[in-house]
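Student: Got a file for you: final_3.pdb, PDB, C-alpha atoms, pLDDT in the B column.
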ATOM      1  CA  MET F 176      11.813 -10.525 -13.282  1.00 44.00           C
ATOM      2  CA  PHE F 177      13.504 -11.387 -10.013  1.00 45.00           C
ATOM      3  CA  THR F 178      11.139 -13.011  -7.571  1.00 48.00           C
ATOM      4  CA  SER F 179      11.504 -15.090  -4.460  1.00 49.00           C
ATOM      5  CA  LYS F 180      10.842 -18.389  -6.242  1.00 48.00           C
ATOM      6  CA  ALA F 181      13.527 -21.016  -5.770  1.00 46.00           C
ATOM      7  CA  GLU F 182      14.112 -21.466  -9.506  1.00 46.00           C
ATOM      8  CA  ASP F 183      14.993 -17.779  -9.824  1.00 49.00           C
ATOM      9  CA  TYR F 184      18.005 -18.292  -7.565  1.00 47.00           C
ATOM     10  CA  THR F 185      19.709 -20.805  -9.840  1.00 47.00           C
ATOM     11  CA  TRP F 186      22.369 -18.248 -10.728  1.00 48.00           C
ATOM     12  CA  VAL F 187      23.549 -18.402  -7.102  1.00 48.00           C
ATOM     13  CA  THR F 188      23.628 -22.176  -6.738  1.00 47.00           C
ATOM     14  CA  GLU F 189      24.882 -23.226 -10.172  1.00 51.00           C
ATOM     15  CA  HIS F 190      28.197 -24.931 -10.507  1.00 48.00           C
ATOM     16  CA  PRO F 191      30.969 -22.467 -11.550  1.00 50.00           C
ATOM     17  CA  ARG F 192      31.740 -24.389 -14.763  1.00 50.00           C
ATOM     18  CA  ARG F 193      28.162 -24.100 -15.953  1.00 50.00           C
ATOM     19  CA  MET F 194      28.114 -20.419 -15.056  1.00 50.00           C
ATOM     20  CA  SER F 195      31.335 -19.762 -16.954  1.00 51.00           C
ATOM     21  CA  SER F 196      29.893 -21.352 -20.083  1.00 52.00           C
ATOM     22  CA  ARG F 197      26.928 -19.021 -19.851  1.00 57.00           C
ATOM     23  CA  THR F 198      28.816 -15.848 -18.958  1.00 51.00           C
ATOM     24  CA  ASN F 199      32.507 -15.309 -19.540  1.00 68.00           C
ATOM     25  CA  LYS F 200      33.138 -12.044 -17.729  1.00 91.00           C
ATOM     26  CA  PRO F 201      32.544 -11.081 -14.107  1.00 91.00           C
ATOM     27  CA  ALA F 202      31.360  -7.719 -15.391  1.00 92.00           C
ATOM     28  CA  GLU F 203      28.570  -9.463 -17.286  1.00 93.00           C
ATOM     29  CA  LEU F 204      27.585 -11.364 -14.141  1.00 94.00           C
ATOM     30  CA  PHE F 205      27.572  -8.139 -12.201  1.00 95.00           C
ATOM     31  CA  GLU F 206      25.464  -6.388 -14.847  1.00 95.00           C
ATOM     32  CA  ASP F 207      22.972  -9.257 -14.807  1.00 96.00           C
ATOM     33  CA  LEU F 208      22.736  -9.245 -11.015  1.00 96.00           C
ATOM     34  CA  TRP F 209      22.472  -5.454 -10.999  1.00 97.00           C
ATOM     35  CA  ARG F 210      19.618  -5.610 -13.537  1.00 97.00           C
ATOM     36  CA  GLN F 211      17.802  -8.243 -11.469  1.00 97.00           C
ATOM     37  CA  LEU F 212      18.226  -6.199  -8.318  1.00 98.00           C
ATOM     38  CA  ARG F 213      16.946  -3.084 -10.092  1.00 98.00           C
ATOM     39  CA  GLU F 214      13.890  -4.995 -11.353  1.00 98.00           C
ATOM     40  CA  CYS F 215      13.236  -6.428  -7.901  1.00 98.00           C
ATOM     41  CA  HIS F 216      13.532  -2.978  -6.346  1.00 98.00           C
ATOM     42  CA  GLN F 217      11.274  -1.421  -8.981  1.00 98.00           C
ATOM     43  CA  ASN F 218       8.614  -4.093  -8.455  1.00 98.00           C
ATOM     44  CA  ALA F 219       8.722  -3.690  -4.681  1.00 98.00           C
ATOM     45  CA  LEU F 220       8.530   0.077  -5.065  1.00 98.00           C
ATOM     46  CA  GLN F 221       5.509  -0.167  -7.368  1.00 98.00           C
ATOM     47  CA  GLU F 222       3.749  -2.478  -4.912  1.00 98.00           C
ATOM     48  CA  LEU F 223       4.392  -0.076  -2.038  1.00 98.00           C
ATOM     49  CA  GLU F 224       3.226   2.910  -4.088  1.00 98.00           C
ATOM     50  CA  ALA F 225       0.008   1.047  -4.925  1.00 98.00           C
ATOM     51  CA  LYS F 226      -0.538   0.336  -1.209  1.00 98.00           C
ATOM     52  CA  VAL F 227       0.025   4.003  -0.369  1.00 98.00           C
ATOM     53  CA  ARG F 228      -2.475   5.091  -3.050  1.00 98.00           C
ATOM     54  CA  LYS F 229      -5.025   2.600  -1.678  1.00 98.00           C
ATOM     55  CA  LEU F 230      -4.523   3.813   1.900  1.00 98.00           C
ATOM     56  CA  LYS F 231      -4.878   7.449   0.809  1.00 97.00           C
ATOM     57  CA  ARG F 232      -8.150   6.646  -0.979  1.00 97.00           C
ATOM     58  CA  GLU F 233      -9.423   4.839   2.111  1.00 98.00           C
ATOM     59  CA  ARG F 234      -8.369   7.735   4.334  1.00 97.00           C
ATOM     60  CA  CYS F 235     -10.265  10.193   2.129  1.00 97.00           C
ATOM     61  CA  LEU F 236     -13.368   8.013   2.218  1.00 97.00           C
ATOM     62  CA  ASP F 237     -13.093   7.717   5.993  1.00 97.00           C
ATOM     63  CA  ALA F 238     -12.775  11.509   6.299  1.00 97.00           C
ATOM     64  CA  GLU F 239     -15.901  11.965   4.174  1.00 97.00           C
ATOM     65  CA  LYS F 240     -17.814   9.481   6.335  1.00 97.00           C
ATOM     66  CA  LEU F 241     -16.609  11.244   9.463  1.00 97.00           C
ATOM     67  CA  GLU F 242     -17.876  14.581   8.129  1.00 97.00           C
ATOM     68  CA  VAL F 243     -21.302  13.036   7.472  1.00 97.00           C
ATOM     69  CA  PHE F 244     -21.416  11.505  10.956  1.00 97.00           C
ATOM     70  CA  HIS F 245     -20.345  14.773  12.570  1.00 98.00           C
ATOM     71  CA  SER F 246     -22.960  16.744  10.649  1.00 98.00           C
ATOM     72  CA  ARG F 247     -25.685  14.252  11.536  1.00 97.00           C
ATOM     73  CA  ASN F 248     -24.577  14.267  15.184  1.00 98.00           C
ATOM     74  CA  GLN F 249     -24.848  18.073  15.265  1.00 98.00           C
ATOM     75  CA  GLN F 250     -28.351  17.895  13.778  1.00 98.00           C
ATOM     76  CA  LEU F 251     -29.412  15.347  16.368  1.00 98.00           C
ATOM     77  CA  LYS F 252     -28.013  17.485  19.197  1.00 97.00           C
ATOM     78  CA  GLU F 253     -29.963  20.497  17.934  1.00 97.00           C
ATOM     79  CA  GLN F 254     -33.140  18.420  17.609  1.00 97.00           C
ATOM     80  CA  ASN F 255     -32.619  17.015  21.102  1.00 97.00           C
ATOM     81  CA  GLU F 256     -32.182  20.518  22.519  1.00 97.00           C
ATOM     82  CA  ALA F 257     -35.359  21.718  20.760  1.00 96.00           C
ATOM     83  CA  LEU F 258     -37.298  18.729  22.100  1.00 97.00           C
ATOM     84  CA  GLN F 259     -35.970  19.301  25.636  1.00 96.00           C
ATOM     85  CA  ASN F 260     -37.091  22.941  25.429  1.00 95.00           C
ATOM     86  CA  ALA F 261     -40.512  21.875  24.178  1.00 95.00           C
ATOM     87  CA  ILE F 262     -40.814  19.373  27.037  1.00 95.00           C
ATOM     88  CA  GLY F 263     -39.845  22.071  29.529  1.00 93.00           C
ATOM     89  CA  LEU F 264     -42.512  24.434  28.135  1.00 92.00           C
ATOM     90  CA  LEU F 265     -45.169  21.726  28.250  1.00 91.00           C
ATOM     91  CA  GLU F 266     -44.290  20.818  31.823  1.00 90.00           C
ATOM     92  CA  GLU F 267     -44.669  24.468  32.872  1.00 88.00           C
ATOM     93  CA  ARG F 268     -48.294  24.552  31.684  1.00 81.00           C
TER
END
Take the structure from the file and write it as structure tokens.

Tutor:
Amino acid sequence: MFTSKAEDYTWVTEHPRRMSSRTNKPAELFEDLWRQLRECHQNALQELEAKVRKLKRERCLDAEKLEVFHSRNQQLKEQNEALQNAIGLLEER
């Protein structure tokens, strides 16, 4: 896995002689770097997808709460109107 830890960047800072003993061909170096980049990209993508899923869940929950608040607000408005009418009738007596 390719992370941002300092020890994971040793392939960049190693002395060329040590690197050549580990890998003989530039193509092999490229393939290794390409694999690390692909893993890094895949991990970042998975993290972002998880964040998107979490935000969508939260948005759905917020929408449900909003519906409940709206419904309750409508009920309270209707009750307030009925009480105002009742007060008006009582004042007329």

Student: As an exercise, work out the distance from CA of Glu256 (chain F) to CA of Arg268 (chain F) in Å and give it to one decimal place.

Tutor: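 Going from CA of Glu256 (chain F) over to CA of Arg268 (chain F), I get 19.0 Å.
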
Student: Provide the CA of Ala257 (chain F) to CA of Phe244 (chain F) distance in Å, to one decimal place.

Tutor: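 Straight-line distance from CA of Ala257 (chain F) to CA of Phe244 (chain F) works out to 19.9 Å.
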
Student: Just how far from CA of Leu212 (chain F) is CA of Leu230 (chain F), in Å to one decimal?

Tutor: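 About the pair CA of Leu230 (chain F) and CA of Leu212 (chain F): they are 26.9 Å apart.
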
Student: Could you give me region 204-228 of chain F completed to N, CA, C and O atoms, formatted as a short mmCIF file (atom, residue, chain, number, x, y, z; two decimals), keeping the file's coordinate frame?

Tutor:
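Everything below was put into out_38.cif:
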data_model
loop_
_atom_site.label_atom_id
_atom_site.label_comp_id
_atom_site.auth_asym_id
_atom_site.auth_seq_id
_atom_site.Cartn_x
_atom_site.Cartn_y
_atom_site.Cartn_z
N LEU F 204 28.32 -10.84 -15.30
CA LEU F 204 27.58 -11.36 -14.14
C LEU F 204 27.07 -10.23 -13.27
O LEU F 204 25.92 -10.22 -12.84
N PHE F 205 27.96 -9.28 -13.02
CA PHE F 205 27.57 -8.14 -12.20
C PHE F 205 26.43 -7.37 -12.84
O PHE F 205 25.47 -6.99 -12.17
N GLU F 206 26.53 -7.12 -14.15
CA GLU F 206 25.46 -6.39 -14.85
C GLU F 206 24.14 -7.14 -14.76
O GLU F 206 23.09 -6.54 -14.56
N ASP F 207 24.19 -8.46 -14.89
CA ASP F 207 22.97 -9.26 -14.81
C ASP F 207 22.37 -9.18 -13.40
O ASP F 207 21.17 -8.98 -13.23
N LEU F 208 23.22 -9.34 -12.40
CA LEU F 208 22.74 -9.24 -11.02
C LEU F 208 22.21 -7.85 -10.71
O LEU F 208 21.19 -7.69 -10.04
N TRP F 209 22.90 -6.85 -11.22
CA TRP F 209 22.47 -5.45 -11.00
C TRP F 209 21.11 -5.21 -11.64
O TRP F 209 20.24 -4.58 -11.05
N ARG F 210 20.90 -5.75 -12.85
CA ARG F 210 19.62 -5.61 -13.54
C ARG F 210 18.51 -6.31 -12.74
O ARG F 210 17.43 -5.75 -12.55
N GLN F 211 18.80 -7.52 -12.25
CA GLN F 211 17.80 -8.24 -11.47
C GLN F 211 17.46 -7.50 -10.18
O GLN F 211 16.29 -7.43 -9.79
N LEU F 212 18.47 -6.97 -9.55
CA LEU F 212 18.23 -6.20 -8.32
C LEU F 212 17.39 -4.96 -8.61
O LEU F 212 16.47 -4.63 -7.87
N ARG F 213 17.70 -4.28 -9.71
CA ARG F 213 16.95 -3.08 -10.09
C ARG F 213 15.49 -3.44 -10.37
O ARG F 213 14.58 -2.73 -9.93
N GLU F 214 15.26 -4.56 -11.07
CA GLU F 214 13.89 -5.00 -11.35
C GLU F 214 13.16 -5.35 -10.07
O GLU F 214 11.99 -4.98 -9.89
N CYS F 215 13.84 -6.06 -9.18
CA CYS F 215 13.24 -6.43 -7.90
C CYS F 215 12.87 -5.18 -7.11
O CYS F 215 11.77 -5.07 -6.56
N HIS F 216 13.78 -4.23 -7.06
CA HIS F 216 13.53 -2.98 -6.35
C HIS F 216 12.37 -2.22 -6.97
O HIS F 216 11.50 -1.71 -6.26
N GLN F 217 12.35 -2.14 -8.29
CA GLN F 217 11.27 -1.42 -8.98
C GLN F 217 9.92 -2.06 -8.70
O GLN F 217 8.94 -1.37 -8.45
N ASN F 218 9.88 -3.39 -8.74
CA ASN F 218 8.61 -4.09 -8.46
C ASN F 218 8.15 -3.85 -7.02
O ASN F 218 6.97 -3.58 -6.78
N ALA F 219 9.08 -3.93 -6.08
CA ALA F 219 8.72 -3.69 -4.68
C ALA F 219 8.24 -2.26 -4.50
O ALA F 219 7.27 -2.00 -3.78
N LEU F 220 8.91 -1.33 -5.16
CA LEU F 220 8.53 0.08 -5.07
C LEU F 220 7.13 0.30 -5.63
O LEU F 220 6.31 1.00 -5.02
N GLN F 221 6.84 -0.32 -6.77
CA GLN F 221 5.51 -0.17 -7.37
C GLN F 221 4.43 -0.75 -6.47
O GLN F 221 3.34 -0.17 -6.34
N GLU F 222 4.72 -1.89 -5.84
CA GLU F 222 3.75 -2.48 -4.91
C GLU F 222 3.49 -1.55 -3.73
O GLU F 222 2.34 -1.36 -3.31
N LEU F 223 4.55 -0.98 -3.18
CA LEU F 223 4.39 -0.08 -2.04
C LEU F 223 3.65 1.19 -2.44
O LEU F 223 2.80 1.69 -1.68
N GLU F 224 3.94 1.72 -3.62
CA GLU F 224 3.23 2.91 -4.09
C GLU F 224 1.75 2.62 -4.27
O GLU F 224 0.90 3.45 -3.95
N ALA F 225 1.41 1.44 -4.77
CA ALA F 225 0.01 1.05 -4.92
C ALA F 225 -0.67 0.96 -3.56
O ALA F 225 -1.81 1.40 -3.39
N LYS F 226 0.03 0.41 -2.56
CA LYS F 226 -0.54 0.34 -1.21
C LYS F 226 -0.77 1.72 -0.64
O LYS F 226 -1.80 1.98 0.00
N VAL F 227 0.17 2.63 -0.87
CA VAL F 227 0.02 4.00 -0.37
C VAL F 227 -1.18 4.68 -1.02
O VAL F 227 -1.98 5.33 -0.35
N ARG F 228 -1.32 4.50 -2.36
CA ARG F 228 -2.48 5.09 -3.05
C ARG F 228 -3.78 4.54 -2.49
O ARG F 228 -4.73 5.29 -2.26
#
